[in-house]
Amino acid sequence: MTADDRGLLLGDGLFETVLVRQRHACLWAWHRARLELGLQRLGFPAQDPEWLRGEIEAAAGPGERLVRLTLTRGRGPRGYAPPAEPAVTRLVSAGPEMSRPDPAGATPLRIGFSTIPASVNPALGGIKHLGRLDNVLARMHWREGEDEAILRDAAGRITCATQGNLWLREGTHLVTPPVDEAGIAGTRRAWVLEKAEEFGVSTEVAWPTYERLQAADGLYVSNARLGLAAGVLIGGGAARTEPAALQALRRALHEAD
């Protein structure tokens, strides 16, 4: 990457964080769909998804690792106007080998509320663009004892968690906020919305009210590292017993290829 790369200077780019298991990019179809949406939304030239997948898997090595793919618009003149024919910069970096916690035995995340508002922009909602300062500031402001924090937009709508998508559990019903104005269309979120019915779990995409959040039987946060991790609201009641259908759903996501 050069000093005049638009990704470095302007955050003009996209990224994917992919779980790779034994050199296999897990849930690649969902990563590919989100990446192609982002490329289209930002006006990037099309990329060969299978070539990108090969680069990700080659970088991973054995075991389980998170591999980050970053695409920027490349070099350009000063100013905001993009080059007419961008030469996309591609960066692939692998994290250390890791062991993800078993979803059945993991300690629930302690979830608070962030004082940092989530930005709203329908032109960027859902895509995983490089401008993640909302999340950086929210993570900086976690209070002592918090493992996660809920972000709200300027209108007070509950949008997401600092590191992933937020879910409310009501029996065997899951509720997650929409991502067309704010937040990221997470790959695990997409998988759950597509697959949940097979496990006897219903889903709903809606802005949850604070009252509904407080009354929920439990909370979850989803991302590539956590899968669908259980959580409890700090200051709220204890999570109610998780139905077997939810346990099976979380186990399947944890093991999904």
# chains A, B, ... in the order shown; residues from 1 in each chain; ligands from 1
>>> residues_around(residues="Ala230 in chain A", least_positions_apart="4", cutoff="9 Å", atoms="only C-alpha atoms", output="VMD selection string")
chain A and resid 103 106 to 109 218 to 222
>>> write_last_selection(atoms="N, CA and C atoms", output="compact mmCIF listing (two decimals), in the first residue's frame")
# COMPACT_ATOMS: atom_id res chain seq x y z
N PRO A 103 -20.26 -23.17 22.16
CA PRO A 103 -21.41 -22.30 22.48
C PRO A 103 -22.19 -22.75 23.70
N ALA A 106 -19.89 -21.62 26.94
CA ALA A 106 -19.29 -20.29 27.01
C ALA A 106 -20.00 -19.42 28.04
N THR A 107 -19.23 -18.60 28.74
CA THR A 107 -19.81 -17.65 29.70
C THR A 107 -20.56 -16.56 28.95
N PRO A 108 -21.80 -16.25 29.32
CA PRO A 108 -22.56 -15.22 28.60
C PRO A 108 -21.84 -13.86 28.62
N LEU A 109 -21.94 -13.16 27.51
CA LEU A 109 -21.39 -11.82 27.44
C LEU A 109 -22.18 -10.88 28.34
N GLY A 218 -33.43 -13.52 26.54
CA GLY A 218 -31.98 -13.55 26.43
C GLY A 218 -31.52 -12.71 25.26
N LEU A 219 -30.23 -12.47 25.17
CA LEU A 219 -29.64 -11.71 24.09
C LEU A 219 -28.55 -12.53 23.43
N TYR A 220 -28.26 -12.20 22.18
CA TYR A 220 -27.13 -12.80 21.46
C TYR A 220 -26.40 -11.73 20.68
N VAL A 221 -25.12 -11.99 20.44
CA VAL A 221 -24.32 -11.17 19.53
C VAL A 221 -23.69 -12.13 18.52
N SER A 222 -23.76 -11.77 17.24
CA SER A 222 -23.22 -12.66 16.22
C SER A 222 -22.12 -11.97 15.42
>>> closest_atom_pairs(of="range 47-161 of chain A", to="range 243-254 of chain A", cutoff="10 Å", atoms="only C-alpha atoms", output="Markdown table")
| residue | atom | partner | partner_atom | distance |
| --- | --- | --- | --- | --- |
| A:Arg100 | CA | A:His254 | CA | 8.8 |
| A:Pro101 | CA | A:His254 | CA | 9.3 |
| A:Asp102 | CA | A:His254 | CA | 8.0 |
| A:Pro103 | CA | A:Arg251 | CA | 6.6 |
| A:Ala104 | CA | A:Gln247 | CA | 7.2 |
>>> write_last_selection(atoms="N, CA and C atoms", output="PDB file, in the first residue's frame")
ATOM      1  N   ARG A 100     -12.156 -21.393  19.334  1.00  0.00           N
ATOM      2  CA  ARG A 100     -13.401 -20.711  19.694  1.00  0.00           C
ATOM      3  C   ARG A 100     -14.125 -21.470  20.798  1.00  0.00           C
ATOM      4  N   PRO A 101     -14.733 -20.766  21.732  1.00  0.00           N
ATOM      5  CA  PRO A 101     -15.424 -21.455  22.834  1.00  0.00           C
ATOM      6  C   PRO A 101     -16.640 -22.218  22.354  1.00  0.00           C
ATOM      7  N   ASP A 102     -16.869 -23.362  22.979  1.00  0.00           N
ATOM      8  CA  ASP A 102     -18.061 -24.150  22.696  1.00  0.00           C
ATOM      9  C   ASP A 102     -19.283 -23.308  23.069  1.00  0.00           C
ATOM     10  N   PRO A 103     -20.260 -23.166  22.162  1.00  0.00           N
ATOM     11  CA  PRO A 103     -21.409 -22.305  22.481  1.00  0.00           C
ATOM     12  C   PRO A 103     -22.194 -22.751  23.701  1.00  0.00           C
ATOM     13  N   ALA A 104     -22.196 -24.047  23.982  1.00  0.00           N
ATOM     14  CA  ALA A 104     -22.977 -24.551  25.129  1.00  0.00           C
ATOM     15  C   ALA A 104     -22.319 -24.198  26.456  1.00  0.00           C
TER      16      ALA A 104
END
>>> residues_around(residues="Glu64 in chain A", least_positions_apart="3", cutoff="6 Å", atoms="only C-alpha atoms", output="ChimeraX atom specification")
/A:20-21,97-98
>>> write_last_selection(atoms="N, CA and C atoms", output="PDB file, in the first residue's frame")
ATOM      1  N   VAL A  20     -11.566 -19.192   8.792  1.00  0.00           N
ATOM      2  CA  VAL A  20     -11.015 -20.248   7.944  1.00  0.00           C
ATOM      3  C   VAL A  20     -10.686 -21.441   8.833  1.00  0.00           C
ATOM      4  N   ARG A  21     -11.262 -22.588   8.485  1.00  0.00           N
ATOM      5  CA  ARG A  21     -11.057 -23.816   9.255  1.00  0.00           C
ATOM      6  C   ARG A  21     -10.359 -24.832   8.359  1.00  0.00           C
ATOM      7  N   GLU A  97      -3.653 -18.763  15.138  1.00  0.00           N
ATOM      8  CA  GLU A  97      -4.550 -19.890  15.326  1.00  0.00           C
ATOM      9  C   GLU A  97      -5.307 -19.701  16.632  1.00  0.00           C
ATOM     10  N   MET A  98      -6.570 -20.052  16.628  1.00  0.00           N
ATOM     11  CA  MET A  98      -7.398 -19.798  17.808  1.00  0.00           C
ATOM     12  C   MET A  98      -8.294 -20.990  18.078  1.00  0.00           C
TER      13      MET A  98
END
>>> residues_around(residues="Glu148 in chain A", least_positions_apart="5", cutoff="7 Å", atoms="only C-alpha atoms", output="JSON, numbers by chain")
{"A": [109, 110, 111, 112, 161, 162]}
>>> closest_residue(among="A:Gly156, A:Gly11, A:Gly171, A:Pro49", to="Ile116 in chain A", atoms="only C-alpha atoms")
A:Gly156
>>> select_by_dssp(residues="range 5-198 of chain A", states="alpha helix (DSSP H)", output="PyMOL selection string")
chain A and resi 6-10+28-42+49-60+133-140+187-195
>>> write_last_selection(atoms="C-alpha atoms", output="short mmCIF file (atom, residue, chain, number, x, y, z; two decimals), in the first residue's frame")
data_model
loop_
_atom_site.label_atom_id
_atom_site.label_comp_id
_atom_site.auth_asym_id
_atom_site.auth_seq_id
_atom_site.Cartn_x
_atom_site.Cartn_y
_atom_site.Cartn_z
CA ARG A 6 -7.52 6.00 -0.96
CA GLY A 7 -8.18 3.28 1.58
CA LEU A 8 -5.55 4.76 3.87
CA LEU A 9 -6.43 8.40 3.19
CA LEU A 10 -10.22 8.26 2.96
CA TRP A 28 -18.00 -18.04 1.93
CA ALA A 29 -21.28 -17.76 -0.01
CA TRP A 30 -22.53 -15.20 2.54
CA HIS A 31 -19.22 -13.30 2.57
CA ARG A 32 -19.23 -13.24 -1.22
CA ALA A 33 -22.77 -11.85 -1.37
CA ARG A 34 -21.97 -9.02 1.06
CA LEU A 35 -18.68 -8.23 -0.66
CA GLU A 36 -20.33 -8.05 -4.08
CA LEU A 37 -23.03 -5.75 -2.67
CA GLY A 38 -20.33 -3.47 -1.24
CA LEU A 39 -18.38 -3.40 -4.50
CA GLN A 40 -21.53 -2.46 -6.37
CA ARG A 41 -22.57 0.16 -3.83
CA LEU A 42 -19.14 1.87 -3.89
CA PRO A 49 -14.61 -14.09 -5.85
CA GLU A 50 -13.03 -17.52 -6.27
CA TRP A 51 -9.58 -16.01 -6.71
CA LEU A 52 -10.14 -13.97 -3.54
CA ARG A 53 -11.29 -17.07 -1.72
CA GLY A 54 -8.14 -18.89 -2.80
CA GLU A 55 -5.96 -16.07 -1.47
CA ILE A 56 -7.80 -16.12 1.86
CA GLU A 57 -7.47 -19.87 2.26
CA ALA A 58 -3.81 -19.85 1.21
CA ALA A 59 -3.01 -17.23 3.87
CA ALA A 60 -4.70 -19.13 6.67
CA LEU A 133 -14.97 4.89 13.78
CA ASP A 134 -18.36 4.39 15.46
CA ASN A 135 -17.18 0.95 16.53
CA VAL A 136 -13.70 2.17 17.50
CA LEU A 137 -15.13 4.84 19.79
CA ALA A 138 -17.75 2.50 21.21
CA ARG A 139 -15.08 -0.06 22.04
CA MET A 140 -12.92 2.63 23.68
CA THR A 187 -22.70 -13.14 7.52
CA ARG A 188 -23.82 -15.01 10.66
CA ARG A 189 -26.92 -12.80 10.78
CA ALA A 190 -27.71 -13.76 7.18
CA TRP A 191 -27.12 -17.46 7.92
CA VAL A 192 -29.46 -17.41 10.94
CA LEU A 193 -32.20 -15.55 9.05
CA GLU A 194 -31.97 -18.15 6.26
CA LYS A 195 -31.58 -21.32 8.34
#
>>> residues_around(residues="Asp180 in chain A", least_positions_apart="5", cutoff="12 Å", atoms="only C-alpha atoms", output="VMD selection string")
chain A and resid 119 to 127 159 185 to 186 205 to 207
>>> atom_distance(atom1="CA of Ile184 in chain A", atom2="CA of Pro83 in chain A")
26.5 Å
>>> closest_residue(among="A:Glu255, A:Gly237, A:Ala224, A:Leu130", to="Gln163 in chain A", atoms="only C-alpha atoms")
A:Ala224
>>> atom_distance(atom1="CA of Ser202 in chain A", atom2="CA of Arg225 in chain A")
23.5 Å
>>> select_by_dssp(residues="range 14-83 of chain A", states="strand (DSSP E or B)", output="PyMOL selection string")
chain A and resi 14-21+24-25+64-72+75
>>> residues_around(residues="Ala87 in chain A", least_positions_apart="6", cutoff="10 Å", atoms="only C-alpha atoms", output="ChimeraX atom specification")
/A:44-45,72-76
>>> atom_distance(atom1="CA of Ala256 in chain A", atom2="CA of Leu228 in chain A")
11.7 Å
